[in-house]
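Note: the block below is work-v6.cif and it holds mmCIF, C-alpha atoms.
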```cif
data_data
#
loop_
_atom_site.group_PDB
_atom_site.id
_atom_site.type_symbol
_atom_site.label_atom_id
_atom_site.label_comp_id
_atom_site.auth_asym_id
_atom_site.auth_seq_id
_atom_site.Cartn_x
_atom_site.Cartn_y
_atom_site.Cartn_z
ATOM 1 C CA ASP A 1 0.000 0.000 0.000
ATOM 2 C CA PRO A 2 1.442 3.415 -0.859
ATOM 3 C CA GLY A 3 0.402 5.315 2.220
ATOM 4 C CA PRO A 4 2.400 8.227 3.561
ATOM 5 C CA ALA A 5 5.651 6.385 2.806
ATOM 6 C CA ALA A 6 5.165 7.053 -0.907
ATOM 7 C CA GLY A 7 5.499 10.783 -0.371
ATOM 8 C CA VAL A 8 8.618 10.349 1.710
ATOM 9 C CA ARG A 9 9.966 7.934 -0.872
ATOM 10 C CA GLN A 10 9.395 10.406 -3.702
ATOM 11 C CA LEU A 11 11.114 13.142 -1.732
ATOM 12 C CA LEU A 12 14.117 10.938 -1.066
ATOM 13 C CA VAL A 13 14.302 9.810 -4.690
ATOM 14 C CA GLN A 14 14.363 13.441 -5.730
ATOM 15 C CA CYS A 15 17.226 13.997 -3.286
ATOM 16 C CA LYS A 16 19.083 11.125 -5.020
ATOM 17 C CA PHE A 17 19.304 9.071 -1.838
ATOM 18 C CA PRO A 18 21.456 5.981 -2.322
ATOM 19 C CA SER A 19 19.215 2.982 -2.827
ATOM 20 C CA LYS A 20 21.465 0.430 -1.120
ATOM 21 C CA MET A 21 20.572 1.480 2.394
ATOM 22 C CA GLY A 22 19.633 -0.877 5.211
ATOM 23 C CA HIS A 23 17.036 -3.570 4.696
ATOM 24 C CA VAL A 24 14.468 -1.989 7.009
ATOM 25 C CA TYR A 25 14.779 1.368 5.225
ATOM 26 C CA SER A 26 14.542 -0.392 1.910
ATOM 27 C CA GLN A 27 11.452 -2.271 2.992
ATOM 28 C CA TYR A 28 9.406 0.653 4.268
ATOM 29 C CA LEU A 29 10.853 3.793 2.697
ATOM 30 C CA GLY A 30 12.945 2.475 -0.174
ATOM 31 C CA ASP A 31 11.582 0.036 -2.706
ATOM 32 C CA PRO A 32 9.431 -2.723 -1.133
ATOM 33 C CA ALA A 33 9.341 -4.549 -4.452
ATOM 34 C CA VAL A 34 12.988 -5.586 -4.192
ATOM 35 C CA THR A 35 12.982 -6.267 -0.457
ATOM 36 C CA PRO A 36 12.335 -9.832 0.701
ATOM 37 C CA ASP A 37 9.555 -10.412 3.216
ATOM 38 C CA HIS A 38 11.330 -11.496 6.377
ATOM 39 C CA THR A 39 8.270 -13.352 7.629
ATOM 40 C CA LYS A 40 8.027 -15.703 4.654
ATOM 41 C CA GLY A 41 10.416 -18.163 3.037
ATOM 42 C CA PRO A 42 12.032 -17.859 -0.379
ATOM 43 C CA THR A 43 9.589 -17.224 -3.228
ATOM 44 C CA PHE A 44 11.880 -18.404 -6.035
ATOM 45 C CA ASP A 45 12.697 -22.006 -6.853
ATOM 46 C CA PRO A 46 15.558 -23.039 -4.531
ATOM 47 C CA LEU A 47 17.426 -24.767 -7.381
ATOM 48 C CA TYR A 48 17.006 -21.850 -9.830
ATOM 49 C CA GLY A 49 20.463 -20.818 -10.968
ATOM 50 C CA TYR A 50 22.208 -23.955 -9.706
ATOM 51 C CA PRO A 51 22.776 -26.265 -12.673
ATOM 52 C CA GLY A 52 24.844 -28.565 -10.465
ATOM 53 C CA GLY A 53 22.132 -28.693 -7.832
ATOM 54 C CA ARG A 54 22.425 -27.915 -4.165
ATOM 55 C CA LYS A 55 23.253 -30.217 -1.315
ATOM 56 C CA GLU A 56 20.262 -31.045 0.825
ATOM 57 C CA ARG A 57 20.240 -30.447 4.553
ATOM 58 C CA VAL A 58 20.277 -33.657 6.525
ATOM 59 C CA MET A 59 18.407 -34.156 9.777
ATOM 60 C CA ILE A 60 20.580 -36.341 12.003
ATOM 61 C CA ALA A 61 18.535 -36.578 15.195
ATOM 62 C CA THR A 62 15.450 -38.764 14.827
ATOM 63 C CA LEU A 63 12.040 -37.887 16.178
ATOM 64 C CA GLU A 64 12.286 -40.643 18.781
ATOM 65 C CA GLU A 65 15.601 -39.280 20.045
ATOM 66 C CA MET A 66 14.270 -35.732 20.258
ATOM 67 C CA GLU A 67 11.143 -36.855 22.079
ATOM 68 C CA SER A 68 13.170 -39.014 24.444
ATOM 69 C CA ALA A 69 15.404 -36.057 25.265
ATOM 70 C CA GLN A 70 12.317 -33.826 25.698
ATOM 71 C CA LEU A 71 13.878 -31.262 23.422
ATOM 72 C CA PRO A 72 11.817 -28.046 23.165
ATOM 73 C CA LEU A 73 10.047 -27.678 19.849
ATOM 74 C CA ASN A 74 11.902 -24.519 18.881
ATOM 75 C CA LYS A 75 15.229 -26.408 19.193
ATOM 76 C CA ARG A 76 14.244 -29.298 16.908
ATOM 77 C CA ASP A 77 16.117 -27.894 13.944
ATOM 78 C CA TYR A 78 19.055 -29.228 11.906
ATOM 79 C CA CYS A 79 21.365 -28.828 14.928
ATOM 80 C CA ALA A 80 19.172 -30.897 17.240
ATOM 81 C CA HIS A 81 21.660 -33.778 17.512
ATOM 82 C CA LEU A 82 24.277 -31.395 18.912
ATOM 83 C CA ALA A 83 21.728 -29.870 21.251
ATOM 84 C CA ILE A 84 20.958 -33.320 22.623
ATOM 85 C CA ASP A 85 24.668 -34.047 23.082
ATOM 86 C CA HIS A 86 25.189 -30.807 24.941
ATOM 87 C CA ARG A 87 22.228 -31.386 27.202
ATOM 88 C CA ALA A 88 23.360 -34.921 27.948
ATOM 89 C CA CYS A 89 26.823 -33.656 28.845
ATOM 90 C CA ARG A 90 25.360 -31.053 31.179
ATOM 91 C CA GLN A 91 23.198 -33.639 32.808
ATOM 92 C CA ARG A 92 26.296 -35.775 33.459
ATOM 93 C CA VAL A 93 28.628 -33.102 34.859
ATOM 94 C CA TRP A 94 26.247 -30.610 36.487
ATOM 95 C CA PRO A 95 27.085 -28.350 38.432
ATOM 96 C CA LEU A 96 30.567 -28.399 36.860
ATOM 97 C CA THR A 97 29.127 -27.166 33.579
ATOM 98 C CA TYR A 98 32.458 -25.744 32.372
ATOM 99 C CA LYS A 99 33.373 -29.290 31.383
ATOM 100 C CA CYS A 100 30.831 -29.157 28.548
ATOM 101 C CA ALA A 101 32.657 -26.387 26.692
ATOM 102 C CA HIS A 102 33.417 -28.543 23.655
ATOM 103 C CA GLU A 103 29.815 -29.719 23.214
ATOM 104 C CA LYS A 104 28.527 -26.209 23.797
ATOM 105 C CA HIS A 105 30.804 -24.680 21.190
ATOM 106 C CA THR A 106 30.021 -27.393 18.662
ATOM 107 C CA TYR A 107 26.301 -26.703 19.084
ATOM 108 C CA LEU A 108 26.676 -22.929 18.955
ATOM 109 C CA ASN A 109 28.883 -23.103 15.835
ATOM 110 C CA CYS A 110 26.189 -25.190 14.168
ATOM 111 C CA GLU A 111 23.579 -22.597 15.129
ATOM 112 C CA TYR A 112 25.824 -19.850 13.749
ATOM 113 C CA ALA A 113 26.193 -21.696 10.447
ATOM 114 C CA ASP A 114 22.402 -22.035 10.340
ATOM 115 C CA TYR A 115 22.033 -18.276 10.889
ATOM 116 C CA VAL A 116 24.568 -17.532 8.141
ATOM 117 C CA LEU A 117 22.510 -19.766 5.860
ATOM 118 C CA ARG A 118 19.417 -17.682 6.662
ATOM 119 C CA LEU A 119 21.390 -14.520 5.824
ATOM 120 C CA LYS A 120 22.450 -16.051 2.512
ATOM 121 C CA GLU A 121 18.886 -17.062 1.702
ATOM 122 C CA HIS A 122 17.741 -13.489 2.365
ATOM 123 C CA GLU A 123 20.484 -12.077 0.158
ATOM 124 C CA ARG A 124 19.724 -14.559 -2.631
ATOM 125 C CA GLU A 125 16.065 -13.598 -2.464
ATOM 126 C CA ARG A 126 16.942 -9.904 -2.606
ATOM 127 C CA ARG A 127 19.223 -10.306 -5.628
ATOM 128 C CA LEU A 128 16.639 -12.387 -7.472
ATOM 129 C CA LEU A 129 13.982 -9.744 -6.784
ATOM 130 C CA GLU A 130 16.232 -7.004 -8.121
ATOM 131 C CA ARG A 131 17.011 -9.139 -11.179
ATOM 132 C CA ALA A 132 13.325 -9.721 -11.756
ATOM 133 C CA LYS A 133 12.725 -5.982 -11.537
ATOM 134 C CA ARG A 134 15.509 -5.289 -14.051
ATOM 135 C CA LYS A 135 14.106 -7.877 -16.432
ATOM 136 C CA ALA A 136 10.642 -6.356 -16.139
ATOM 137 C CA GLU A 137 12.027 -2.877 -16.855
ATOM 138 C CA ARG A 138 13.965 -4.171 -19.862
ATOM 139 C CA ALA A 139 10.866 -5.882 -21.168
ATOM 140 C CA ALA A 140 8.856 -2.694 -20.667
ATOM 141 C CA ARG A 141 11.504 -0.676 -22.526
ATOM 142 C CA ALA A 142 11.614 -3.193 -25.356
ATOM 143 C CA ALA A 143 7.837 -3.043 -25.686
ATOM 144 C CA HIS A 144 7.944 0.676 -26.485
ATOM 145 C CA MET B 1 -33.095 30.933 63.814
ATOM 146 C CA ALA B 2 -32.603 27.612 65.513
ATOM 147 C CA ALA B 3 -32.313 25.933 62.132
ATOM 148 C CA ARG B 4 -29.639 28.407 61.061
ATOM 149 C CA ARG B 5 -27.683 27.723 64.228
ATOM 150 C CA LEU B 6 -27.936 24.021 63.529
ATOM 151 C CA LEU B 7 -26.644 24.619 60.014
ATOM 152 C CA THR B 8 -23.580 26.495 61.126
ATOM 153 C CA SER B 9 -22.797 24.100 63.946
ATOM 154 C CA ARG B 10 -22.896 21.272 61.459
ATOM 155 C CA THR B 11 -20.446 23.007 59.163
ATOM 156 C CA LEU B 12 -18.194 23.818 62.113
ATOM 157 C CA ILE B 13 -18.059 20.258 63.336
ATOM 158 C CA GLY B 14 -18.139 18.636 59.939
ATOM 159 C CA LEU B 15 -14.965 20.367 58.776
ATOM 160 C CA PRO B 16 -11.440 19.156 59.421
ATOM 161 C CA GLY B 17 -11.811 20.585 62.884
ATOM 162 C CA GLY B 18 -13.822 17.449 63.572
ATOM 163 C CA LEU B 19 -10.873 15.159 63.025
ATOM 164 C CA PRO B 20 -11.813 12.659 65.726
ATOM 165 C CA GLY B 21 -15.024 12.152 63.842
ATOM 166 C CA LEU B 22 -13.241 11.561 60.560
ATOM 167 C CA LEU B 23 -10.964 8.745 61.670
ATOM 168 C CA PRO B 24 -13.522 6.010 62.317
ATOM 169 C CA GLY B 25 -15.282 6.843 59.080
ATOM 170 C CA LEU B 26 -12.179 6.842 56.918
ATOM 171 C CA TYR B 27 -11.409 3.111 56.948
ATOM 172 C CA PRO B 28 -14.655 1.847 55.389
ATOM 173 C CA GLY B 29 -14.421 4.754 52.952
ATOM 174 C CA LEU B 30 -10.977 3.626 51.829
ATOM 175 C CA LEU B 31 -12.209 0.075 51.305
ATOM 176 C CA GLY B 32 -15.010 1.352 49.112
ATOM 177 C CA LEU B 33 -17.677 -0.020 51.426
ATOM 178 C CA GLN B 34 -18.960 3.410 52.314
ATOM 179 C CA VAL B 35 -20.939 5.307 49.706
ATOM 180 C CA SER B 36 -21.711 8.499 51.646
ATOM 181 C CA ARG B 37 -19.245 11.224 52.494
ATOM 182 C CA ASN B 38 -18.041 11.776 55.995
ATOM 183 C CA VAL B 39 -18.973 14.967 57.824
ATOM 184 C CA GLY B 40 -17.507 14.043 61.161
ATOM 185 C CA HIS B 41 -20.144 14.149 63.874
ATOM 186 C CA TRP B 42 -23.593 13.736 62.438
ATOM 187 C CA ASN B 43 -26.884 14.586 64.061
ATOM 188 C CA LYS B 44 -30.161 13.202 62.776
ATOM 189 C CA ASP B 45 -31.763 16.593 63.175
ATOM 190 C CA TRP B 46 -29.533 17.908 60.430
ATOM 191 C CA LYS B 47 -31.023 15.608 57.811
ATOM 192 C CA PRO B 48 -33.014 17.634 55.256
ATOM 193 C CA LYS B 49 -36.753 17.337 55.421
ATOM 194 C CA PRO B 50 -38.654 15.675 52.567
ATOM 195 C CA TYR B 51 -39.205 17.559 49.329
ATOM 196 C CA PRO B 52 -41.529 20.560 49.990
ATOM 197 C CA VAL B 53 -44.732 20.427 47.968
ATOM 198 C CA THR B 54 -47.039 23.119 49.343
ATOM 199 C CA PRO B 55 -46.080 26.822 49.219
ATOM 200 C CA GLU B 56 -46.050 26.889 53.004
ATOM 201 C CA GLU B 57 -43.506 24.068 53.141
ATOM 202 C CA ARG B 58 -41.382 25.844 50.540
ATOM 203 C CA ALA B 59 -41.447 29.098 52.512
ATOM 204 C CA GLU B 60 -40.541 27.292 55.700
ATOM 205 C CA ALA B 61 -37.661 25.455 54.002
ATOM 206 C CA ALA B 62 -36.378 28.705 52.455
ATOM 207 C CA ARG B 63 -36.413 30.376 55.854
ATOM 208 C CA LYS B 64 -34.602 27.400 57.362
ATOM 209 C CA TYR B 65 -31.742 27.654 54.883
ATOM 210 C CA GLY B 66 -31.466 31.436 55.015
ATOM 211 C CA LEU B 67 -32.907 32.071 51.553
ATOM 212 C CA ARG B 68 -35.718 34.182 50.223
ATOM 213 C CA PRO B 69 -38.693 32.185 48.944
ATOM 214 C CA ASP B 70 -38.169 33.486 45.424
ATOM 215 C CA GLU B 71 -34.506 32.362 45.349
ATOM 216 C CA TYR B 72 -35.101 29.012 47.018
ATOM 217 C CA GLU B 73 -35.149 26.058 44.603
ATOM 218 C CA PRO B 74 -34.723 22.466 45.847
ATOM 219 C CA TYR B 75 -33.287 19.660 43.745
ATOM 220 C CA ALA B 76 -35.764 17.774 41.576
ATOM 221 C CA ASP B 77 -37.554 14.999 43.429
ATOM 222 C CA ASP B 78 -36.647 12.254 40.949
ATOM 223 C CA GLY B 79 -35.039 9.853 43.404
ATOM 224 C CA MET B 80 -31.614 11.536 43.070
ATOM 225 C CA GLY B 81 -32.513 14.691 44.967
ATOM 226 C CA TYR B 82 -31.616 15.892 48.459
ATOM 227 C CA GLY B 83 -35.078 16.432 49.987
ATOM 228 C CA ASP B 84 -35.620 20.111 50.682
ATOM 229 C CA TYR B 85 -31.949 21.089 50.455
ATOM 230 C CA PRO B 86 -31.591 24.064 48.086
ATOM 231 C CA ASN B 87 -29.991 23.882 44.666
ATOM 232 C CA LEU B 88 -27.475 26.701 45.027
ATOM 233 C CA PRO B 89 -25.313 28.144 42.243
ATOM 234 C CA VAL B 90 -21.778 26.808 42.363
ATOM 235 C CA VAL B 91 -19.207 29.415 43.379
ATOM 236 C CA SER B 92 -15.964 27.784 44.387
ATOM 237 C CA ALA B 93 -14.033 29.191 47.319
ATOM 238 C CA GLU B 94 -11.051 29.990 45.103
ATOM 239 C CA SER B 95 -13.165 32.230 42.900
ATOM 240 C CA ARG B 96 -14.367 34.346 45.808
ATOM 241 C CA ASP B 97 -12.744 37.619 46.773
ATOM 242 C CA PRO B 98 -9.566 36.813 48.702
ATOM 243 C CA TYR B 99 -9.406 40.292 50.287
ATOM 244 C CA GLU B 100 -12.927 40.417 51.663
ATOM 245 C CA ASP B 101 -13.227 40.124 55.430
ATOM 246 C CA TRP B 102 -14.842 36.713 55.612
ATOM 247 C CA ASP B 103 -16.109 35.282 58.869
ATOM 248 C CA TYR B 104 -14.498 31.978 57.904
ATOM 249 C CA PRO B 105 -11.564 32.972 55.664
ATOM 250 C CA GLU B 106 -10.409 29.403 55.147
ATOM 251 C CA HIS B 107 -13.705 28.732 53.374
ATOM 252 C CA ARG B 108 -14.323 32.299 52.137
ATOM 253 C CA ARG B 109 -17.771 32.139 53.630
ATOM 254 C CA ASN B 110 -19.715 34.348 55.993
ATOM 255 C CA PHE B 111 -21.822 33.366 58.967
ATOM 256 C CA GLY B 112 -25.248 32.104 57.942
ATOM 257 C CA GLU B 113 -24.442 31.865 54.246
ATOM 258 C CA PRO B 114 -26.128 28.800 52.747
ATOM 259 C CA VAL B 115 -23.688 26.014 52.020
ATOM 260 C CA HIS B 116 -23.718 24.097 48.728
ATOM 261 C CA VAL B 117 -24.471 20.375 48.858
ATOM 262 C CA ASP B 118 -21.009 19.579 47.466
ATOM 263 C CA PHE B 119 -19.221 22.309 49.407
ATOM 264 C CA ASP B 120 -16.369 19.974 50.373
ATOM 265 C CA MET B 121 -15.598 19.605 46.673
ATOM 266 C CA TYR B 122 -15.539 23.372 46.045
ATOM 267 C CA GLY B 123 -13.180 24.324 48.852
ATOM 268 C CA LEU B 124 -9.885 26.147 48.494
ATOM 269 C CA ASP B 125 -7.956 22.883 48.240
ATOM 270 C CA ARG B 126 -10.254 21.238 45.732
ATOM 271 C CA ILE B 127 -12.007 22.046 42.480
ATOM 272 C CA ASN B 128 -12.487 25.603 41.234
ATOM 273 C CA ALA B 129 -15.564 25.015 39.091
ATOM 274 C CA SER B 130 -16.285 28.711 38.593
ATOM 275 C CA GLN B 131 -12.964 29.758 37.094
ATOM 276 C CA LYS B 132 -12.676 31.079 33.579
ATOM 277 C CA MET B 133 -10.785 28.464 31.575
ATOM 278 C CA ARG B 134 -8.189 29.638 29.109
ATOM 279 C CA PHE B 135 -9.608 27.653 26.181
ATOM 280 C CA SER B 136 -13.053 26.413 25.358
ATOM 281 C CA MET B 137 -14.175 22.898 26.217
ATOM 282 C CA GLN B 138 -14.255 22.064 22.508
ATOM 283 C CA GLN B 139 -10.590 23.044 22.221
ATOM 284 C CA TYR B 140 -9.706 20.956 25.252
ATOM 285 C CA ALA B 141 -11.579 17.955 23.886
ATOM 286 C CA LEU B 142 -10.027 18.399 20.454
ATOM 287 C CA SER B 143 -6.519 18.600 21.903
ATOM 288 C CA PHE B 144 -6.926 15.570 24.113
ATOM 289 C CA PHE B 145 -8.657 13.299 21.634
ATOM 290 C CA GLY B 146 -6.443 14.554 18.827
ATOM 291 C CA VAL B 147 -3.286 13.564 20.679
ATOM 292 C CA MET B 148 -4.800 10.236 21.691
ATOM 293 C CA ALA B 149 -5.987 9.533 18.148
ATOM 294 C CA VAL B 150 -2.583 10.351 16.679
ATOM 295 C CA SER B 151 -0.823 8.157 19.235
ATOM 296 C CA ILE B 152 -3.179 5.239 18.650
ATOM 297 C CA GLY B 153 -2.991 5.737 14.901
ATOM 298 C CA ILE B 154 0.796 5.674 14.931
ATOM 299 C CA TYR B 155 0.726 2.556 17.103
ATOM 300 C CA TYR B 156 -1.570 0.610 14.816
ATOM 301 C CA TYR B 157 0.136 1.851 11.649
ATOM 302 C CA LEU B 158 3.523 0.659 12.871
ATOM 303 C CA GLU B 159 2.186 -2.585 14.336
ATOM 304 C CA ASP B 160 3.203 -4.637 11.278
ATOM 305 C CA LYS B 161 6.271 -2.556 10.404
ATOM 306 C CA LYS B 162 8.926 -4.076 12.576
ATOM 307 C CA MET B 163 12.689 -3.850 12.832
ATOM 308 C CA HIS B 164 14.385 -7.102 11.927
ATOM 309 C CA TRP B 165 17.679 -8.598 10.869
ATOM 310 C CA PRO B 166 18.097 -9.345 7.157
ATOM 311 C CA VAL B 167 17.330 -13.045 7.532
ATOM 312 C CA LEU B 168 14.597 -15.311 6.264
ATOM 313 C CA PRO B 169 12.720 -17.509 8.763
ATOM 314 C CA LYS B 170 14.465 -20.411 10.442
ATOM 315 C CA GLN B 171 14.280 -23.706 8.591
ATOM 316 C CA TYR B 172 12.788 -26.589 10.551
ATOM 317 C CA PRO B 173 12.923 -30.128 9.158
ATOM 318 C CA GLY B 174 9.406 -31.014 10.229
ATOM 319 C CA ASP B 175 7.796 -28.668 7.702
ATOM 320 C CA GLY B 176 7.771 -31.248 4.929
ATOM 321 C CA ALA B 177 9.715 -28.985 2.550
ATOM 322 C CA VAL B 178 13.225 -29.832 1.373
ATOM 323 C CA HIS B 179 15.909 -27.433 2.581
ATOM 324 C CA TYR B 180 19.220 -26.872 0.842
ATOM 325 C CA THR B 181 22.609 -25.537 1.769
ATOM 326 C CA PHE B 182 24.653 -23.359 -0.607
ATOM 327 C CA GLU B 183 27.130 -26.106 -1.435
ATOM 328 C CA PRO B 184 26.961 -27.970 -4.736
ATOM 329 C CA ALA B 185 25.428 -31.418 -4.707
ATOM 330 C CA GLU B 186 27.977 -34.210 -5.128
#
```

What is this file in structure tokens?
Amino acid sequence: DPGPAAGVRQLLVQCKFPSKMGHVYSQYLGDPAVTPDHTKGPTFDPLYGYPGGRKERVMIATLEEMESAQLPLNKRDYCAHLAIDHRACRQRVWPLTYKCAHEKHTYLNCEYADYVLRLKEHERERRLLERAKRKAERAARAAH
Amino acid sequence: MAARRLLTSRTLIGLPGGLPGLLPGLYPGLLGLQVSRNVGHWNKDWKPKPYPVTPEERAEAARKYGLRPDEYEPYADDGMGYGDYPNLPVVSAESRDPYEDWDYPEHRRNFGEPVHVDFDMYGLDRINASQKMRFSMQQYALSFFGVMAVSIGIYYYLEDKKMHWPVLPKQYPGDGAVHYTFEPAE
């Protein structure tokens, strides 16, 4: 919806504001058409642009293991097997929890890699949206 | 004459000078169990008589409260009235002349002057209902509701416009969809 942001946007465009500002600015005051929606997943085909394909993510912990460990639902992601290992270690050595440093760091590094993957997905989505916009503009120019 | 003396003695005792009378009545008032105001010591003879119907009753009530019959007007007898107590114009104590030699300067009232039903609300330390406000009530209402409307409007407009990191939602394996890394398939 245009709303009052359209007026601000027009003013900033006239001032030749750089378009590669932060994602929040780009989403609300910049160009929402080339900003991914952070509440939804990727809208393009995941294998688009990868002729050699992409490696699939593998879930190592099984549902029975996660249920047996009573793992919270929000931790049942692709790092769940490391979460279970860390929790088991803590349960063995508590209260000397410093002894679980290796398991903790393994789990947190996995979570960091997962977050980096989310960043990459967002950036891929953004570049594909900009490419789609360029293609549409080229098609519109060719039509005239 | 006797009625006027009763009136003034009630106001004398009912005011903060009657502090011993206030204390026992304060506790149920604080709990919200008490619905009537406290006037300290109360005497049943001070209760207003029923609403005057005949002209003789009206004249007698006017004389009791120190008013002329033509300026005496009781509250309407619709179940929310005060019997024969007069409906006096509201003049708050703060709006009265501060330099006049009042008999009771702390209330800006003279001896025998009829007392408003809500006189404890219109004292020097409470509401000044007769003051000239700087702006009109419409301006006050417009300012208040304008500010509230703008605040609420801004709140609801920004409710779905949130700050966030540039990440897409977390990928959970239970969704049923296939998730990929960014490495090439072997």

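Using only C-alpha atoms, the smallest distance between any of B:Arg134, B:His179, B:Lys44, B:Lys64 and chain A comes from B:His179.
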
Original post:
Residues picked by the PyMOL selection byres ((chain B and resi 182-184) around 6) here, as a PyMOL selection string?
Top reply: (chain A and resi 53-55) or (chain B and resi 181+185)

**OP:** Define the interface residues of chain A facing chain B as those within 10 Å, counting all atoms listed in the file, and report them as a ChimeraX atom specification.
**Re:** /A:22-25,27-28,35-42,46-47,50-59,63,73-79,114-123,125-126

**OP:** Just give me the gap between CA of Glu71 (chain B) and CA of Met137 (chain B) in Å, one decimal is fine.
**Re:**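 Spanning CA of Glu71 (chain B) to CA of Met137 (chain B) is a straight-line distance of 29.5 Å.
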
Original post:
Hey, what comes out of the PyMOL selection byres ((chain B and resi 47) around 10) on this file? Could you write it as JSON, numbers by chain?
Top reply: {"B": [42, 43, 44, 45, 46, 48, 49, 50, 82, 83, 84, 85]}

Subject >> Coordinates-based distance that separates CA of Ala129 (chain B) from CA of Arg96 (chain B) (Å, one decimal) >> reply: 11.6 Å

Original post:
Which distance in Å separates CA of Pro55 (chain B) and CA of Pro89 (chain B), to one decimal?
Top reply: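 Between CA of Pro55 (chain B) and CA of Pro89 (chain B) the gap works out to 21.9 Å.
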
Any chance you could build region 24-38 of chain A out to N, CA, C and O atoms and write it as an mmCIF file, keeping the file's coordinate frame?
```
data_model
loop_
_atom_site.group_PDB
_atom_site.id
_atom_site.type_symbol
_atom_site.label_atom_id
_atom_site.label_comp_id
_atom_site.auth_asym_id
_atom_site.auth_seq_id
_atom_site.Cartn_x
_atom_site.Cartn_y
_atom_site.Cartn_z
ATOM 1 N N VAL A 24 15.719 -2.507 6.448
ATOM 2 C CA VAL A 24 14.468 -1.989 7.009
ATOM 3 C C VAL A 24 14.068 -0.709 6.273
ATOM 4 O O VAL A 24 12.910 -0.505 5.912
ATOM 5 N N TYR A 25 15.075 0.163 5.999
ATOM 6 C CA TYR A 25 14.779 1.368 5.225
ATOM 7 C C TYR A 25 14.260 0.978 3.843
ATOM 8 O O TYR A 25 13.277 1.512 3.351
ATOM 9 N N SER A 26 14.931 0.005 3.256
ATOM 10 C CA SER A 26 14.542 -0.392 1.910
ATOM 11 C C SER A 26 13.138 -0.966 1.897
ATOM 12 O O SER A 26 12.396 -0.787 0.931
ATOM 13 N N GLN A 27 12.762 -1.616 2.980
ATOM 14 C CA GLN A 27 11.452 -2.271 2.992
ATOM 15 C C GLN A 27 10.316 -1.279 3.151
ATOM 16 O O GLN A 27 9.275 -1.416 2.541
ATOM 17 N N TYR A 28 10.521 -0.241 3.961
ATOM 18 C CA TYR A 28 9.406 0.653 4.268
ATOM 19 C C TYR A 28 9.504 1.980 3.545
ATOM 20 O O TYR A 28 8.489 2.566 3.209
ATOM 21 N N LEU A 29 10.712 2.495 3.336
ATOM 22 C CA LEU A 29 10.853 3.793 2.697
ATOM 23 C C LEU A 29 11.522 3.688 1.338
ATOM 24 O O LEU A 29 11.379 4.575 0.518
ATOM 25 N N GLY A 30 12.263 2.630 1.105
ATOM 26 C CA GLY A 30 12.945 2.475 -0.174
ATOM 27 C C GLY A 30 12.011 1.857 -1.186
ATOM 28 O O GLY A 30 10.946 2.372 -1.482
ATOM 29 N N ASP A 31 12.405 0.702 -1.704
ATOM 30 C CA ASP A 31 11.582 0.036 -2.706
ATOM 31 C C ASP A 31 11.114 -1.301 -2.138
ATOM 32 O O ASP A 31 11.895 -2.253 -2.090
ATOM 33 N N PRO A 32 9.870 -1.436 -1.689
ATOM 34 C CA PRO A 32 9.431 -2.723 -1.133
ATOM 35 C C PRO A 32 9.429 -3.839 -2.160
ATOM 36 O O PRO A 32 9.441 -5.008 -1.791
ATOM 37 N N ALA A 33 9.421 -3.501 -3.436
ATOM 38 C CA ALA A 33 9.341 -4.549 -4.452
ATOM 39 C C ALA A 33 10.611 -5.384 -4.523
ATOM 40 O O ALA A 33 10.570 -6.532 -4.937
ATOM 41 N N VAL A 34 11.746 -4.821 -4.125
ATOM 42 C CA VAL A 34 12.988 -5.586 -4.192
ATOM 43 C C VAL A 34 13.482 -5.980 -2.808
ATOM 44 O O VAL A 34 14.634 -6.357 -2.633
ATOM 45 N N THR A 35 12.605 -5.892 -1.818
ATOM 46 C CA THR A 35 12.982 -6.267 -0.457
ATOM 47 C C THR A 35 12.276 -7.564 -0.106
ATOM 48 O O THR A 35 11.051 -7.641 -0.221
ATOM 49 N N PRO A 36 13.011 -8.586 0.325
ATOM 50 C CA PRO A 36 12.335 -9.832 0.701
ATOM 51 C C PRO A 36 11.473 -9.638 1.937
ATOM 52 O O PRO A 36 11.770 -8.822 2.803
ATOM 53 N N ASP A 37 10.409 -10.422 2.030
ATOM 54 C CA ASP A 37 9.555 -10.412 3.216
ATOM 55 C C ASP A 37 10.185 -11.325 4.260
ATOM 56 O O ASP A 37 10.318 -12.534 4.042
ATOM 57 N N HIS A 38 10.592 -10.727 5.389
ATOM 58 C CA HIS A 38 11.330 -11.496 6.377
ATOM 59 C C HIS A 38 10.452 -12.463 7.139
ATOM 60 O O HIS A 38 10.953 -13.257 7.931
#
```
